[in-house]
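One file, coords13.tsv, carrying TSV, C-alpha atoms:
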```tsv
chain	number	residue	atom	x	y	z
A	84	MET	CA	0.00	0.00	0.00
A	85	SER	CA	1.89	3.02	-1.23
A	86	GLU	CA	1.04	6.44	0.08
A	87	PRO	CA	2.54	9.04	-2.19
A	88	ARG	CA	2.24	12.62	-1.04
A	89	ARG	CA	-0.48	14.34	-2.98
A	90	SER	CA	-1.66	17.89	-2.91
A	91	LEU	CA	-5.04	18.31	-1.22
A	92	GLY	CA	-6.06	21.00	-3.67
A	93	PHE	CA	-5.52	18.66	-6.59
A	94	ASP	CA	-7.59	15.97	-4.93
A	95	PHE	CA	-10.42	18.45	-4.60
A	96	ILE	CA	-10.25	19.90	-8.08
A	97	LYS	CA	-9.69	16.73	-10.10
A	98	GLY	CA	-13.33	15.70	-9.87
A	99	PHE	CA	-14.43	18.60	-12.02
A	100	ILE	CA	-12.55	17.72	-15.21
A	101	GLN	CA	-10.04	14.89	-15.11
A	102	GLU	CA	-12.17	12.52	-13.09
A	103	ASN	CA	-15.58	14.04	-13.60
A	104	PRO	CA	-17.86	11.24	-12.39
A	105	THR	CA	-20.63	11.79	-14.90
A	106	PHE	CA	-18.96	13.00	-18.07
A	107	ALA	CA	-15.50	11.45	-17.95
A	108	LEU	CA	-15.96	8.26	-15.93
A	109	ALA	CA	-19.66	7.77	-16.67
A	110	ILE	CA	-20.60	6.26	-13.31
A	111	GLY	CA	-23.64	6.77	-11.11
A	112	MET	CA	-25.95	7.16	-14.07
A	113	CYS	CA	-29.29	6.13	-12.57
A	114	PRO	CA	-29.77	9.07	-10.17
A	115	THR	CA	-28.11	11.38	-12.69
A	116	LEU	CA	-30.99	10.68	-15.02
A	117	ALA	CA	-33.78	10.14	-12.54
A	118	VAL	CA	-33.66	13.22	-10.32
A	119	THR	CA	-32.54	15.86	-12.82
A	120	THR	CA	-35.94	17.20	-13.77
A	121	SER	CA	-35.10	20.47	-12.01
A	122	VAL	CA	-32.10	22.39	-10.66
A	123	GLU	CA	-33.39	22.11	-7.13
A	124	ASN	CA	-33.76	18.32	-7.17
A	125	GLY	CA	-30.29	18.04	-8.68
A	126	PHE	CA	-28.89	20.22	-5.92
A	127	TRP	CA	-30.40	18.21	-3.06
A	128	MET	CA	-29.41	14.90	-4.59
A	129	GLY	CA	-25.90	16.29	-4.99
A	130	MET	CA	-25.80	17.40	-1.36
A	131	ALA	CA	-26.91	13.96	-0.23
A	132	VAL	CA	-24.13	12.38	-2.28
A	133	VAL	CA	-21.53	14.86	-0.94
A	134	PHE	CA	-22.42	13.87	2.60
A	135	VAL	CA	-22.47	10.13	1.97
A	136	LEU	CA	-19.31	10.17	-0.12
A	137	THR	CA	-17.32	12.26	2.34
A	138	PHE	CA	-18.49	10.17	5.28
A	139	SER	CA	-17.71	6.85	3.60
A	140	ASN	CA	-14.38	8.08	2.20
A	141	VAL	CA	-13.20	9.30	5.60
A	142	PHE	CA	-14.18	6.11	7.40
A	143	VAL	CA	-12.84	3.79	4.73
A	144	SER	CA	-9.58	5.70	4.80
A	145	LEU	CA	-9.39	5.66	8.60
A	146	LEU	CA	-10.03	1.94	8.74
A	147	ARG	CA	-8.01	0.97	5.68
A	148	ARG	CA	-5.28	-0.72	7.70
A	149	PHE	CA	-7.78	-2.85	9.62
A	150	ILE	CA	-10.03	-3.94	6.77
A	151	PRO	CA	-9.08	-7.42	5.51
A	152	ASP	CA	-8.75	-7.42	1.75
A	153	ALA	CA	-11.03	-10.41	1.18
A	154	ILE	CA	-14.10	-8.92	2.84
A	155	ARG	CA	-13.55	-5.25	2.01
A	156	ILE	CA	-16.62	-4.93	-0.23
A	157	PRO	CA	-19.19	-5.91	2.46
A	158	ILE	CA	-17.42	-3.55	4.87
A	159	PHE	CA	-17.57	-0.72	2.32
A	160	VAL	CA	-21.26	-1.41	1.85
A	161	ILE	CA	-21.92	-1.04	5.58
A	162	LEU	CA	-19.80	2.11	5.78
A	163	ILE	CA	-21.85	3.52	2.89
A	164	ALA	CA	-25.27	2.38	4.06
A	165	THR	CA	-24.87	4.08	7.45
A	166	PRO	CA	-24.68	7.67	6.13
A	167	VAL	CA	-27.41	6.87	3.60
A	168	VAL	CA	-29.78	5.98	6.42
A	169	ILE	CA	-28.82	9.23	8.17
A	170	VAL	CA	-29.51	11.25	5.00
A	171	GLU	CA	-32.77	9.44	4.47
A	172	LEU	CA	-34.06	10.17	7.96
A	173	VAL	CA	-32.90	13.79	7.94
A	174	MET	CA	-34.45	14.44	4.51
A	175	LYS	CA	-37.70	12.79	5.49
A	176	ALA	CA	-37.91	15.04	8.52
A	177	TYR	CA	-36.77	18.38	7.13
A	178	LEU	CA	-37.35	18.23	3.36
A	179	PRO	CA	-40.42	16.01	3.00
A	180	ALA	CA	-41.40	17.47	-0.41
A	181	ILE	CA	-37.98	16.85	-1.95
A	182	TYR	CA	-37.82	13.40	-0.33
A	183	GLU	CA	-41.15	12.53	-1.93
A	184	VAL	CA	-40.01	13.64	-5.41
A	185	MET	CA	-36.77	11.68	-5.25
A	186	GLY	CA	-38.61	8.59	-4.11
A	187	ILE	CA	-36.51	5.48	-3.99
A	188	PHE	CA	-33.42	7.24	-5.28
A	189	VAL	CA	-32.44	8.44	-1.81
A	190	PRO	CA	-32.03	4.91	-0.40
A	191	LEU	CA	-30.52	3.88	-3.73
A	192	ILE	CA	-27.49	6.07	-3.03
A	193	VAL	CA	-26.23	2.90	-1.32
A	194	VAL	CA	-25.68	1.26	-4.68
A	195	ASN	CA	-24.49	4.39	-6.48
A	196	CYS	CA	-21.32	3.22	-8.18
A	197	ILE	CA	-19.55	6.56	-7.59
A	198	ILE	CA	-19.37	5.95	-3.87
A	199	ILE	CA	-18.12	2.39	-3.95
A	200	ALA	CA	-15.75	3.28	-6.79
A	201	ARG	CA	-14.18	6.09	-4.73
A	202	ALA	CA	-13.91	3.83	-1.69
A	203	GLU	CA	-12.20	1.12	-3.69
A	204	ALA	CA	-10.04	3.26	-5.96
A	205	PHE	CA	-9.18	6.13	-3.64
A	206	ALA	CA	-10.08	6.05	0.04
A	207	TYR	CA	-8.76	2.50	0.51
A	208	ARG	CA	-5.32	3.64	-0.66
A	209	TYR	CA	-4.79	7.20	0.49
A	210	PRO	CA	-4.63	9.09	3.82
A	211	VAL	CA	-7.64	10.61	5.53
A	212	MET	CA	-7.19	14.23	4.48
A	213	ASN	CA	-6.77	13.32	0.82
A	214	SER	CA	-9.82	11.08	1.00
A	215	LEU	CA	-11.81	13.87	2.62
A	216	MET	CA	-10.87	16.27	-0.17
A	217	ASP	CA	-11.57	13.60	-2.76
A	218	GLY	CA	-15.04	13.03	-1.32
A	219	LEU	CA	-15.82	16.74	-1.18
A	220	GLY	CA	-14.43	17.38	-4.67
A	221	ILE	CA	-16.06	14.49	-6.48
A	222	GLY	CA	-19.30	15.21	-4.60
A	223	ALA	CA	-19.20	18.90	-5.53
A	224	ALA	CA	-18.49	18.09	-9.17
A	225	TYR	CA	-21.36	15.61	-9.16
A	226	THR	CA	-23.65	18.28	-7.70
A	227	VAL	CA	-22.62	20.72	-10.42
A	228	ASN	CA	-23.28	18.08	-13.09
A	229	LEU	CA	-26.72	17.31	-11.70
A	230	MET	CA	-27.58	21.01	-11.52
A	231	VAL	CA	-26.44	21.63	-15.10
A	232	ILE	CA	-28.43	18.69	-16.45
A	233	GLY	CA	-31.37	19.65	-14.24
A	234	GLY	CA	-31.18	23.26	-15.41
A	235	ILE	CA	-31.21	22.32	-19.10
A	236	ARG	CA	-34.08	19.90	-18.69
A	237	GLU	CA	-36.09	22.22	-16.46
A	238	PHE	CA	-35.61	25.20	-18.75
A	239	LEU	CA	-36.48	23.37	-21.95
A	240	GLY	CA	-39.21	21.35	-20.32
A	241	THR	CA	-41.07	24.04	-18.40
A	242	GLY	CA	-39.72	27.25	-19.93
A	243	GLN	CA	-38.36	28.53	-16.63
A	244	ILE	CA	-36.03	27.73	-13.77
A	245	ALA	CA	-37.36	27.80	-10.22
A	246	LEU	CA	-34.94	28.31	-7.33
A	247	GLY	CA	-36.98	28.13	-4.18
A	248	SER	CA	-39.61	30.84	-4.55
A	249	ILE	CA	-37.70	32.79	-7.20
A	250	VAL	CA	-38.69	31.84	-10.73
A	251	PHE	CA	-36.48	32.86	-13.57
A	252	PRO	CA	-37.60	34.01	-16.13
A	253	SER	CA	-41.05	34.66	-14.72
A	254	ALA	CA	-42.90	33.63	-17.87
A	255	PRO	CA	-41.77	31.20	-20.57
A	256	PHE	CA	-41.01	32.94	-23.85
A	257	PHE	CA	-41.18	29.78	-25.97
A	258	GLU	CA	-43.32	26.72	-26.12
A	259	PRO	CA	-41.86	24.34	-23.47
A	260	ALA	CA	-41.21	20.79	-24.62
A	261	ALA	CA	-42.54	18.50	-21.92
A	262	VAL	CA	-40.62	15.58	-23.41
A	263	MET	CA	-37.47	16.98	-21.76
A	264	LEU	CA	-38.91	16.04	-18.39
A	265	THR	CA	-39.63	12.47	-19.44
A	266	PRO	CA	-37.02	9.68	-19.52
A	267	PRO	CA	-36.18	10.05	-23.26
A	268	GLY	CA	-35.34	13.72	-22.70
A	269	GLY	CA	-33.02	12.76	-19.86
A	270	PHE	CA	-31.12	10.14	-21.84
A	271	ILE	CA	-30.67	12.36	-24.87
A	272	THR	CA	-29.65	15.44	-22.86
A	273	LEU	CA	-27.03	13.47	-20.98
A	274	GLY	CA	-25.74	11.87	-24.18
A	275	LEU	CA	-25.37	15.20	-25.95
A	276	LEU	CA	-23.75	16.85	-22.90
A	277	MET	CA	-21.23	14.03	-22.82
A	278	VAL	CA	-20.39	14.67	-26.46
A	279	LEU	CA	-19.97	18.37	-25.67
A	280	PHE	CA	-17.70	17.55	-22.73
A	281	ARG	CA	-15.53	15.30	-24.88
A	282	VAL	CA	-15.22	17.82	-27.68
A	283	THR	CA	-14.33	20.75	-25.41
A	284	LEU	CA	-12.54	19.31	-22.38
A	285	GLY	CA	-12.02	15.73	-23.42
A	286	SER	CA	-8.30	16.05	-24.03
A	287	LYS	CA	-7.73	17.07	-20.40
A	288	ALA	CA	-9.90	14.36	-18.95
A	289	LYS	CA	-8.98	10.74	-18.76
A	290	VAL	CA	-12.02	9.55	-20.65
A	291	GLU	CA	-12.27	5.87	-19.97
A	292	ASP	CA	-14.41	3.58	-21.98
A	293	HIS	CA	-16.18	2.49	-18.89
A	294	SER	CA	-18.67	0.57	-20.95
A	295	LYS	CA	-16.25	-2.37	-20.94
A	296	THR	CA	-16.52	-2.93	-17.20
A	297	SER	CA	-19.57	-2.03	-15.22
B	152	MET	CA	-53.94	-4.79	-9.12
B	153	SER	CA	-53.96	-8.16	-10.81
B	154	VAL	CA	-50.95	-10.35	-11.47
B	155	ILE	CA	-51.30	-9.82	-15.23
B	156	GLY	CA	-51.46	-6.09	-14.67
B	157	ILE	CA	-48.21	-6.15	-12.69
B	158	ILE	CA	-46.46	-8.18	-15.37
B	159	ILE	CA	-47.57	-5.98	-18.27
B	160	SER	CA	-46.74	-2.88	-16.28
B	161	GLY	CA	-43.29	-4.18	-15.34
B	162	VAL	CA	-42.34	-5.28	-18.82
B	163	LEU	CA	-43.78	-2.57	-21.02
B	164	ILE	CA	-45.32	0.39	-19.23
B	165	ASN	CA	-42.96	0.95	-16.33
B	166	ASN	CA	-39.95	-0.66	-17.93
B	167	PHE	CA	-37.01	-0.46	-15.52
B	168	ILE	CA	-34.55	0.98	-17.99
B	169	PHE	CA	-36.72	3.17	-20.13
B	170	MET	CA	-39.15	4.58	-17.61
B	171	GLN	CA	-37.68	4.18	-14.13
B	172	TYR	CA	-33.95	4.56	-14.72
B	173	LEU	CA	-32.96	1.52	-12.74
B	174	GLY	CA	-29.96	-0.62	-13.62
B	175	ILE	CA	-28.48	1.69	-16.24
B	176	CYS	CA	-24.82	0.89	-15.44
B	177	PRO	CA	-24.98	-2.85	-16.19
B	178	PHE	CA	-27.41	-2.11	-19.03
B	179	ILE	CA	-24.72	-0.15	-20.83
B	180	GLY	CA	-21.81	-2.12	-19.39
B	181	VAL	CA	-22.68	-5.64	-20.52
B	182	SER	CA	-24.63	-5.00	-23.70
B	183	GLN	CA	-21.61	-5.33	-25.99
B	184	ASN	CA	-22.95	-8.47	-27.61
B	185	LEU	CA	-26.04	-10.60	-27.52
B	186	GLU	CA	-24.43	-13.50	-25.70
B	187	THR	CA	-23.32	-11.59	-22.59
B	188	ALA	CA	-26.64	-9.74	-22.60
B	189	LEU	CA	-28.48	-13.06	-22.47
B	190	GLY	CA	-26.23	-14.32	-19.66
B	191	MET	CA	-26.75	-11.19	-17.62
B	192	SER	CA	-30.51	-11.31	-18.25
B	193	GLY	CA	-30.69	-14.83	-16.90
B	194	ALA	CA	-28.78	-13.86	-13.78
B	195	VAL	CA	-30.89	-10.74	-13.21
B	196	ILE	CA	-34.22	-12.55	-13.64
B	197	PHE	CA	-33.09	-15.24	-11.19
B	198	VAL	CA	-31.71	-12.88	-8.55
B	199	MET	CA	-34.39	-10.18	-8.77
B	200	THR	CA	-37.30	-12.60	-8.48
B	201	ILE	CA	-35.91	-14.38	-5.44
B	202	ALA	CA	-34.46	-11.23	-3.85
B	203	SER	CA	-37.92	-9.63	-4.04
B	204	ALA	CA	-39.43	-12.59	-2.26
B	205	VAL	CA	-36.68	-12.72	0.37
B	206	ALA	CA	-36.80	-8.97	1.02
B	207	ALA	CA	-40.60	-8.94	1.24
B	208	ALA	CA	-40.54	-11.84	3.69
B	209	PHE	CA	-37.81	-10.09	5.69
B	210	GLU	CA	-39.93	-6.93	5.75
B	211	GLN	CA	-43.01	-8.74	6.97
B	212	PHE	CA	-41.47	-11.10	9.50
B	213	VAL	CA	-38.57	-9.07	10.86
B	214	LEU	CA	-38.72	-5.34	10.16
B	215	ALA	CA	-42.47	-4.83	10.58
B	216	GLN	CA	-42.57	-7.24	13.51
B	217	PHE	CA	-40.04	-5.31	15.56
B	218	GLY	CA	-40.77	-1.80	14.25
B	219	LEU	CA	-37.39	-1.47	12.57
B	220	GLU	CA	-38.60	0.04	9.28
B	221	TYR	CA	-36.13	2.91	9.55
B	222	LEU	CA	-33.30	0.41	9.09
B	223	ARG	CA	-34.77	-0.83	5.82
B	224	THR	CA	-32.03	0.44	3.50
B	225	ILE	CA	-29.17	-1.05	5.46
B	226	ALA	CA	-31.09	-4.28	6.11
B	227	TYR	CA	-32.05	-4.79	2.47
B	228	ILE	CA	-28.60	-4.22	1.06
B	229	LEU	CA	-27.18	-6.75	3.50
B	230	VAL	CA	-29.92	-9.25	2.74
B	231	ILE	CA	-29.32	-8.85	-1.01
B	232	ALA	CA	-25.53	-9.05	-0.72
B	233	ALA	CA	-25.72	-12.10	1.49
B	234	PHE	CA	-28.26	-13.69	-0.81
B	235	VAL	CA	-26.18	-13.16	-3.93
B	236	GLN	CA	-23.15	-14.62	-2.17
B	237	LEU	CA	-25.21	-17.61	-1.10
B	238	VAL	CA	-26.52	-18.18	-4.61
B	239	GLU	CA	-22.99	-18.07	-5.91
B	240	ILE	CA	-21.71	-20.65	-3.43
B	241	PHE	CA	-24.72	-22.90	-3.94
B	242	MET	CA	-24.55	-22.70	-7.73
B	243	LYS	CA	-20.83	-23.43	-7.82
B	244	LYS	CA	-21.43	-26.68	-5.94
B	245	ALA	CA	-24.82	-27.86	-7.17
B	246	LEU	CA	-25.24	-26.41	-10.65
B	247	PRO	CA	-21.78	-26.05	-12.14
B	248	GLY	CA	-23.17	-25.69	-15.68
B	249	LEU	CA	-25.38	-22.77	-14.77
B	250	TYR	CA	-22.61	-21.31	-12.63
B	251	LYS	CA	-20.30	-21.32	-15.61
B	252	ALA	CA	-22.86	-19.46	-17.68
B	253	LEU	CA	-23.94	-16.90	-15.06
B	254	GLY	CA	-21.06	-16.96	-12.58
B	255	ILE	CA	-19.19	-13.87	-13.69
B	256	TYR	CA	-22.36	-11.79	-13.73
B	257	LEU	CA	-23.46	-12.63	-10.21
B	258	PRO	CA	-21.08	-10.36	-8.26
B	259	LEU	CA	-22.04	-7.48	-10.56
B	260	ILE	CA	-25.64	-7.83	-9.53
B	261	THR	CA	-25.15	-6.69	-5.94
B	262	THR	CA	-24.41	-3.21	-7.20
B	263	ASN	CA	-27.21	-3.30	-9.75
B	264	CYS	CA	-29.60	-0.69	-8.47
B	265	ALA	CA	-32.50	-2.49	-10.14
B	266	VAL	CA	-32.39	-5.22	-7.47
B	267	LEU	CA	-32.44	-2.90	-4.48
B	268	GLY	CA	-34.79	-0.62	-6.43
B	269	VAL	CA	-37.45	-3.24	-6.97
B	270	THR	CA	-37.48	-4.25	-3.31
B	271	MET	CA	-37.93	-0.57	-2.36
B	272	LEU	CA	-40.73	-0.17	-4.91
B	273	ASN	CA	-42.47	-3.23	-3.50
B	274	VAL	CA	-42.48	-1.61	-0.08
B	275	ARG	CA	-43.78	1.66	-1.52
B	276	HIS	CA	-46.66	-0.14	-3.23
B	277	SER	CA	-47.14	-2.25	-0.08
B	278	TYR	CA	-47.32	-5.47	-2.09
B	279	SER	CA	-47.76	-8.83	-0.38
B	280	ILE	CA	-44.93	-11.36	-0.58
B	281	LEU	CA	-46.50	-13.04	-3.63
B	282	MET	CA	-47.13	-9.74	-5.42
B	283	SER	CA	-43.58	-8.60	-4.63
B	284	THR	CA	-42.20	-11.75	-6.19
B	285	VAL	CA	-44.32	-11.25	-9.31
B	286	ASN	CA	-43.26	-7.61	-9.49
B	287	GLY	CA	-39.60	-8.57	-9.15
B	288	PHE	CA	-39.95	-11.12	-11.92
B	289	ALA	CA	-41.81	-8.68	-14.20
B	290	GLY	CA	-39.28	-5.92	-13.60
B	291	ALA	CA	-36.41	-8.28	-14.38
B	292	LEU	CA	-38.20	-9.47	-17.51
B	293	GLY	CA	-38.59	-5.87	-18.69
B	294	TRP	CA	-34.93	-5.16	-17.92
B	295	SER	CA	-33.92	-8.24	-19.92
B	296	LEU	CA	-36.12	-7.24	-22.85
B	297	ALA	CA	-34.44	-3.84	-22.89
B	298	ILE	CA	-30.87	-5.15	-22.71
B	299	ILE	CA	-31.47	-7.83	-25.36
B	300	ILE	CA	-32.95	-5.33	-27.85
B	301	PHE	CA	-30.13	-2.93	-27.07
B	302	ALA	CA	-27.42	-5.56	-27.52
B	303	GLY	CA	-28.90	-6.35	-30.91
B	304	ILE	CA	-28.69	-2.70	-31.90
B	305	ARG	CA	-25.22	-2.40	-30.48
B	306	GLU	CA	-23.83	-5.33	-32.45
B	307	ARG	CA	-24.53	-3.36	-35.59
B	308	TRP	CA	-22.41	-0.44	-34.46
B	309	GLN	CA	-19.31	-2.47	-35.21
B	310	LEU	CA	-20.05	-2.15	-38.91
B	311	MET	CA	-20.65	1.58	-38.72
B	312	ASP	CA	-18.46	4.61	-38.96
B	313	ILE	CA	-19.12	6.42	-35.67
B	314	PRO	CA	-17.63	9.87	-34.93
B	315	PRO	CA	-15.04	9.48	-32.12
B	316	ALA	CA	-16.80	11.96	-29.83
B	317	LEU	CA	-19.93	9.82	-29.87
B	318	GLU	CA	-18.29	6.46	-29.40
B	319	GLY	CA	-19.23	4.38	-26.38
B	320	PHE	CA	-21.35	6.01	-23.73
B	321	PRO	CA	-22.81	9.06	-25.53
B	322	LEU	CA	-24.13	7.02	-28.44
B	323	ALA	CA	-25.43	4.39	-26.03
B	324	LEU	CA	-27.34	7.03	-24.09
B	325	ILE	CA	-28.79	8.67	-27.18
B	326	SER	CA	-29.92	5.31	-28.60
B	327	THR	CA	-31.44	4.43	-25.24
B	328	GLY	CA	-33.25	7.76	-25.33
B	329	LEU	CA	-34.75	6.96	-28.72
B	330	MET	CA	-35.79	3.48	-27.57
B	331	SER	CA	-37.26	5.02	-24.46
B	332	LEU	CA	-39.26	7.39	-26.68
B	333	ALA	CA	-40.73	4.34	-28.38
B	334	PHE	CA	-41.60	2.76	-25.03
B	335	LEU	CA	-43.32	5.98	-23.99
B	336	GLY	CA	-45.99	4.86	-26.46
B	337	PHE	CA	-46.98	2.03	-24.11
B	338	SER	CA	-47.80	4.39	-21.28
B	339	GLY	CA	-51.49	4.53	-22.14
B	340	LEU	CA	-51.80	0.78	-22.39
B	341	PHE	CA	-54.12	-1.08	-20.02
B	342	LYS	CA	-55.16	1.98	-18.05
B	343	GLY	CA	-58.08	0.02	-16.68
B	344	LEU	CA	-55.90	-2.75	-15.36
B	345	LEU	CA	-53.59	-0.53	-13.34
```

Encoded form (structure tokens):
Amino acid sequence: MSEPRRSLGFDFIKGFIQENPTFALAIGMCPTLAVTTSVENGFWMGMAVVFVLTFSNVFVSLLRRFIPDAIRIPIFVILIATPVVIVELVMKAYLPAIYEVMGIFVPLIVVNCIIIARAEAFAYRYPVMNSLMDGLGIGAAYTVNLMVIGGIREFLGTGQIALGSIVFPSAPFFEPAAVMLTPPGGFITLGLLMVLFRVTLGSKAKVEDHSKTS
Amino acid sequence: MSVIGIIISGVLINNFIFMQYLGICPFIGVSQNLETALGMSGAVIFVMTIASAVAAAFEQFVLAQFGLEYLRTIAYILVIAAFVQLVEIFMKKALPGLYKALGIYLPLITTNCAVLGVTMLNVRHSYSILMSTVNGFAGALGWSLAIIIFAGIRERWQLMDIPPALEGFPLALISTGLMSLAFLGFSGLFKGLL
């Protein structure tokens, strides 16, 4: 287990381009598609993932010397499921409307591949501070992704973007296409955004053909 | 809701991939060719049907009994992980032929959100153990239908000249979007049954 010195700033920032979970690594697709019908939903889902990812990264990293290699996956799953239950209960209590909209995708954070992938590929190998920054960075990048996709779909689908009680612009100036809010709209938006990401920033990112594994 | 209604809904109307966004990662990951898609489908149908039954029984006899519903997420993921492990061990010993065909797909299934997803949906709909099992089977059947059609489409890509920016994931997502558009047409089907 090598522990090279890494800069904390780099570990935070790398999630945005080089290791962007959605556009470069293409992991955690289900919630990316399911909850991005508005900016607000995207934001709350992102916050939930930031919390779970940071929590699991820190604990995996702290315990990495004590976790036997053969049973590491079940241990990761428990370390991930614990913060998910916390998020679930907190959301149910304080954000019941958002919790209702997201439905089963809040408990499904447990099986979000981003979190287990970071535990396996990063937190299990690097010190606590780096893992903390990695969790925060990847989580923040994921939140930004969800908000961008949510913003595009919400704007094209409803003609406006609602942030809390502020609606911008106040009246749609074109005929909104409701199909953007349905599953086909989600798939196509994400596909086209991925193309855009590859064309503009692709050379800086390590775009992996993740479709070969799972 | 009748059993037939659940099956039609699971396969066509509320298709896991196209309408509910469940199990997208393996859907894109193992749809390279028809053969692996069929292998994965078999494993998913098997695991999802039985996992639904096991989780529903666990819900009724353990969680509801002791008022532990708030631990559902953590309990279900452990039940599913343990179950998949058990199936793997049992298959290796008792059904080596089947294990050879499905073996490599089994560990992937634990992280397939469709399996945990269907057990959560069963709870939301408050289905009985039997209905949960049927729903798990129907959902898995719909997932398999989607991945088999998609693998068929994907095999043809090898003969095509695809722009490099579209290769892999983006094209897969856009094609899935178009297929999903077609499945949107089923949404009015059997309104009376549901």

Would you list the contacts of Pro321 in chain B as an mmCIF file with C-alpha atoms, keeping the file's coordinate frame, taking every protein, DNA or RNA residue within 7 Å and counting only C-alpha atoms, but skipping same-chain residues closer than 3 positions in sequence?
```cif
data_model
loop_
_atom_site.group_PDB
_atom_site.id
_atom_site.type_symbol
_atom_site.label_atom_id
_atom_site.label_comp_id
_atom_site.auth_asym_id
_atom_site.auth_seq_id
_atom_site.Cartn_x
_atom_site.Cartn_y
_atom_site.Cartn_z
ATOM 1 C CA GLY A 274 -25.740 11.870 -24.180
ATOM 2 C CA LEU A 275 -25.370 15.200 -25.950
ATOM 3 C CA MET A 277 -21.230 14.030 -22.820
ATOM 4 C CA VAL A 278 -20.390 14.670 -26.460
ATOM 5 C CA LEU B 317 -19.930 9.820 -29.870
ATOM 6 C CA GLU B 318 -18.290 6.460 -29.400
ATOM 7 C CA LEU B 324 -27.340 7.030 -24.090
ATOM 8 C CA ILE B 325 -28.790 8.670 -27.180
#
```

Exercise for the section: With a distance threshold of 8 Å and counting only C-alpha atoms, extract the residues of chain A near chain B and express them as JSON, numbers by chain. Expected result: {"A": [109, 110, 111, 112, 113, 114, 116, 117, 157, 160, 161, 164, 165, 167, 168, 172, 187, 190, 191, 193, 194, 195, 196, 266, 267, 268, 269, 270, 271, 273, 274, 275, 277, 278, 281, 282, 292, 293, 294, 295, 296, 297]}

So that I can check the surroundings of Ile181 in chain A, please list as a CSV table (one decimal) with C-alpha atoms, in the coordinates of the input every protein, DNA and RNA residue that reaches within 10 Å of it, counting all atoms listed in the file and ignoring chain neighbours fewer than 5 positions away.
```
chain,number,residue,atom,x,y,z
A,123,GLU,CA,-33.4,22.1,-7.1
A,124,ASN,CA,-33.8,18.3,-7.2
A,127,TRP,CA,-30.4,18.2,-3.1
A,128,MET,CA,-29.4,14.9,-4.6
A,174,MET,CA,-34.4,14.4,4.5
A,175,LYS,CA,-37.7,12.8,5.5
A,186,GLY,CA,-38.6,8.6,-4.1
```

Handout entry: Given all atoms listed in the file as the counted atoms, nearest of A:Val122, A:Leu108, A:Ala200, A:Leu284 to Val250 in chain A
Key =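 Residue with the minimum atom-to-atom distance to Val250 in chain A: A:Val122.
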
Practice task
Give me, please, the distance in Å between CA of Leu257 in chain B and CA of Phe188 in chain A, quoted to one decimal.
Solution key: 22.8 Å

Problem - 9 Å contact set for Met191 in chain B, all atoms listed in the file, chain neighbours under 2 positions out, as number ranges by chain - result: B: 177, 181-182, 186-189, 193-196, 253, 255-257, 260, 295, 298

Write out, as a short mmCIF file (atom, residue, chain, number, x, y, z; two decimals), in the coordinates of the input, the residues just selected, with C-alpha atoms.
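Contents of part_36.cif, as written:
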```cif
data_model
loop_
_atom_site.label_atom_id
_atom_site.label_comp_id
_atom_site.auth_asym_id
_atom_site.auth_seq_id
_atom_site.Cartn_x
_atom_site.Cartn_y
_atom_site.Cartn_z
CA PRO B 177 -24.98 -2.85 -16.19
CA VAL B 181 -22.68 -5.64 -20.52
CA SER B 182 -24.63 -5.00 -23.70
CA GLU B 186 -24.43 -13.50 -25.70
CA THR B 187 -23.32 -11.59 -22.59
CA ALA B 188 -26.64 -9.74 -22.60
CA LEU B 189 -28.48 -13.06 -22.47
CA GLY B 193 -30.69 -14.83 -16.90
CA ALA B 194 -28.78 -13.86 -13.78
CA VAL B 195 -30.89 -10.74 -13.21
CA ILE B 196 -34.22 -12.55 -13.64
CA LEU B 253 -23.94 -16.90 -15.06
CA ILE B 255 -19.19 -13.87 -13.69
CA TYR B 256 -22.36 -11.79 -13.73
CA LEU B 257 -23.46 -12.63 -10.21
CA ILE B 260 -25.64 -7.83 -9.53
CA SER B 295 -33.92 -8.24 -19.92
CA ILE B 298 -30.87 -5.15 -22.71
#
```

Handout entry: 12 Å contact set for Gln211 in chain B, all atoms listed in the file, chain neighbours under 6 positions out, as a VMD selection string
Key = chain B and resid 204 to 205 217 to 220 223 273 to 274 277 to 281 283

Residues just named, written with C-alpha atoms as a PDB file, in the frame of the given file:
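Result file result23.pdb:
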```pdb
ATOM      1  CA  ALA B 204     -39.430 -12.590  -2.260  1.00  0.00           C
ATOM      2  CA  VAL B 205     -36.680 -12.720   0.370  1.00  0.00           C
ATOM      3  CA  PHE B 217     -40.040  -5.310  15.560  1.00  0.00           C
ATOM      4  CA  GLY B 218     -40.770  -1.800  14.250  1.00  0.00           C
ATOM      5  CA  LEU B 219     -37.390  -1.470  12.570  1.00  0.00           C
ATOM      6  CA  GLU B 220     -38.600   0.040   9.280  1.00  0.00           C
ATOM      7  CA  ARG B 223     -34.770  -0.830   5.820  1.00  0.00           C
ATOM      8  CA  ASN B 273     -42.470  -3.230  -3.500  1.00  0.00           C
ATOM      9  CA  VAL B 274     -42.480  -1.610  -0.080  1.00  0.00           C
ATOM     10  CA  SER B 277     -47.140  -2.250  -0.080  1.00  0.00           C
ATOM     11  CA  TYR B 278     -47.320  -5.470  -2.090  1.00  0.00           C
ATOM     12  CA  SER B 279     -47.760  -8.830  -0.380  1.00  0.00           C
ATOM     13  CA  ILE B 280     -44.930 -11.360  -0.580  1.00  0.00           C
ATOM     14  CA  LEU B 281     -46.500 -13.040  -3.630  1.00  0.00           C
ATOM     15  CA  SER B 283     -43.580  -8.600  -4.630  1.00  0.00           C
TER      16      SER B 283
END
```

Exercise for the section: Please return, as a VMD selection string, all polymer residues that have at least one atom within 10 Å of the point (-17.1, 15.8, -2.1); use all atoms listed in the file and the file's own coordinate frame. Expected result: chain A and resid 94 to 96 98 129 to 130 132 to 138 140 214 to 226
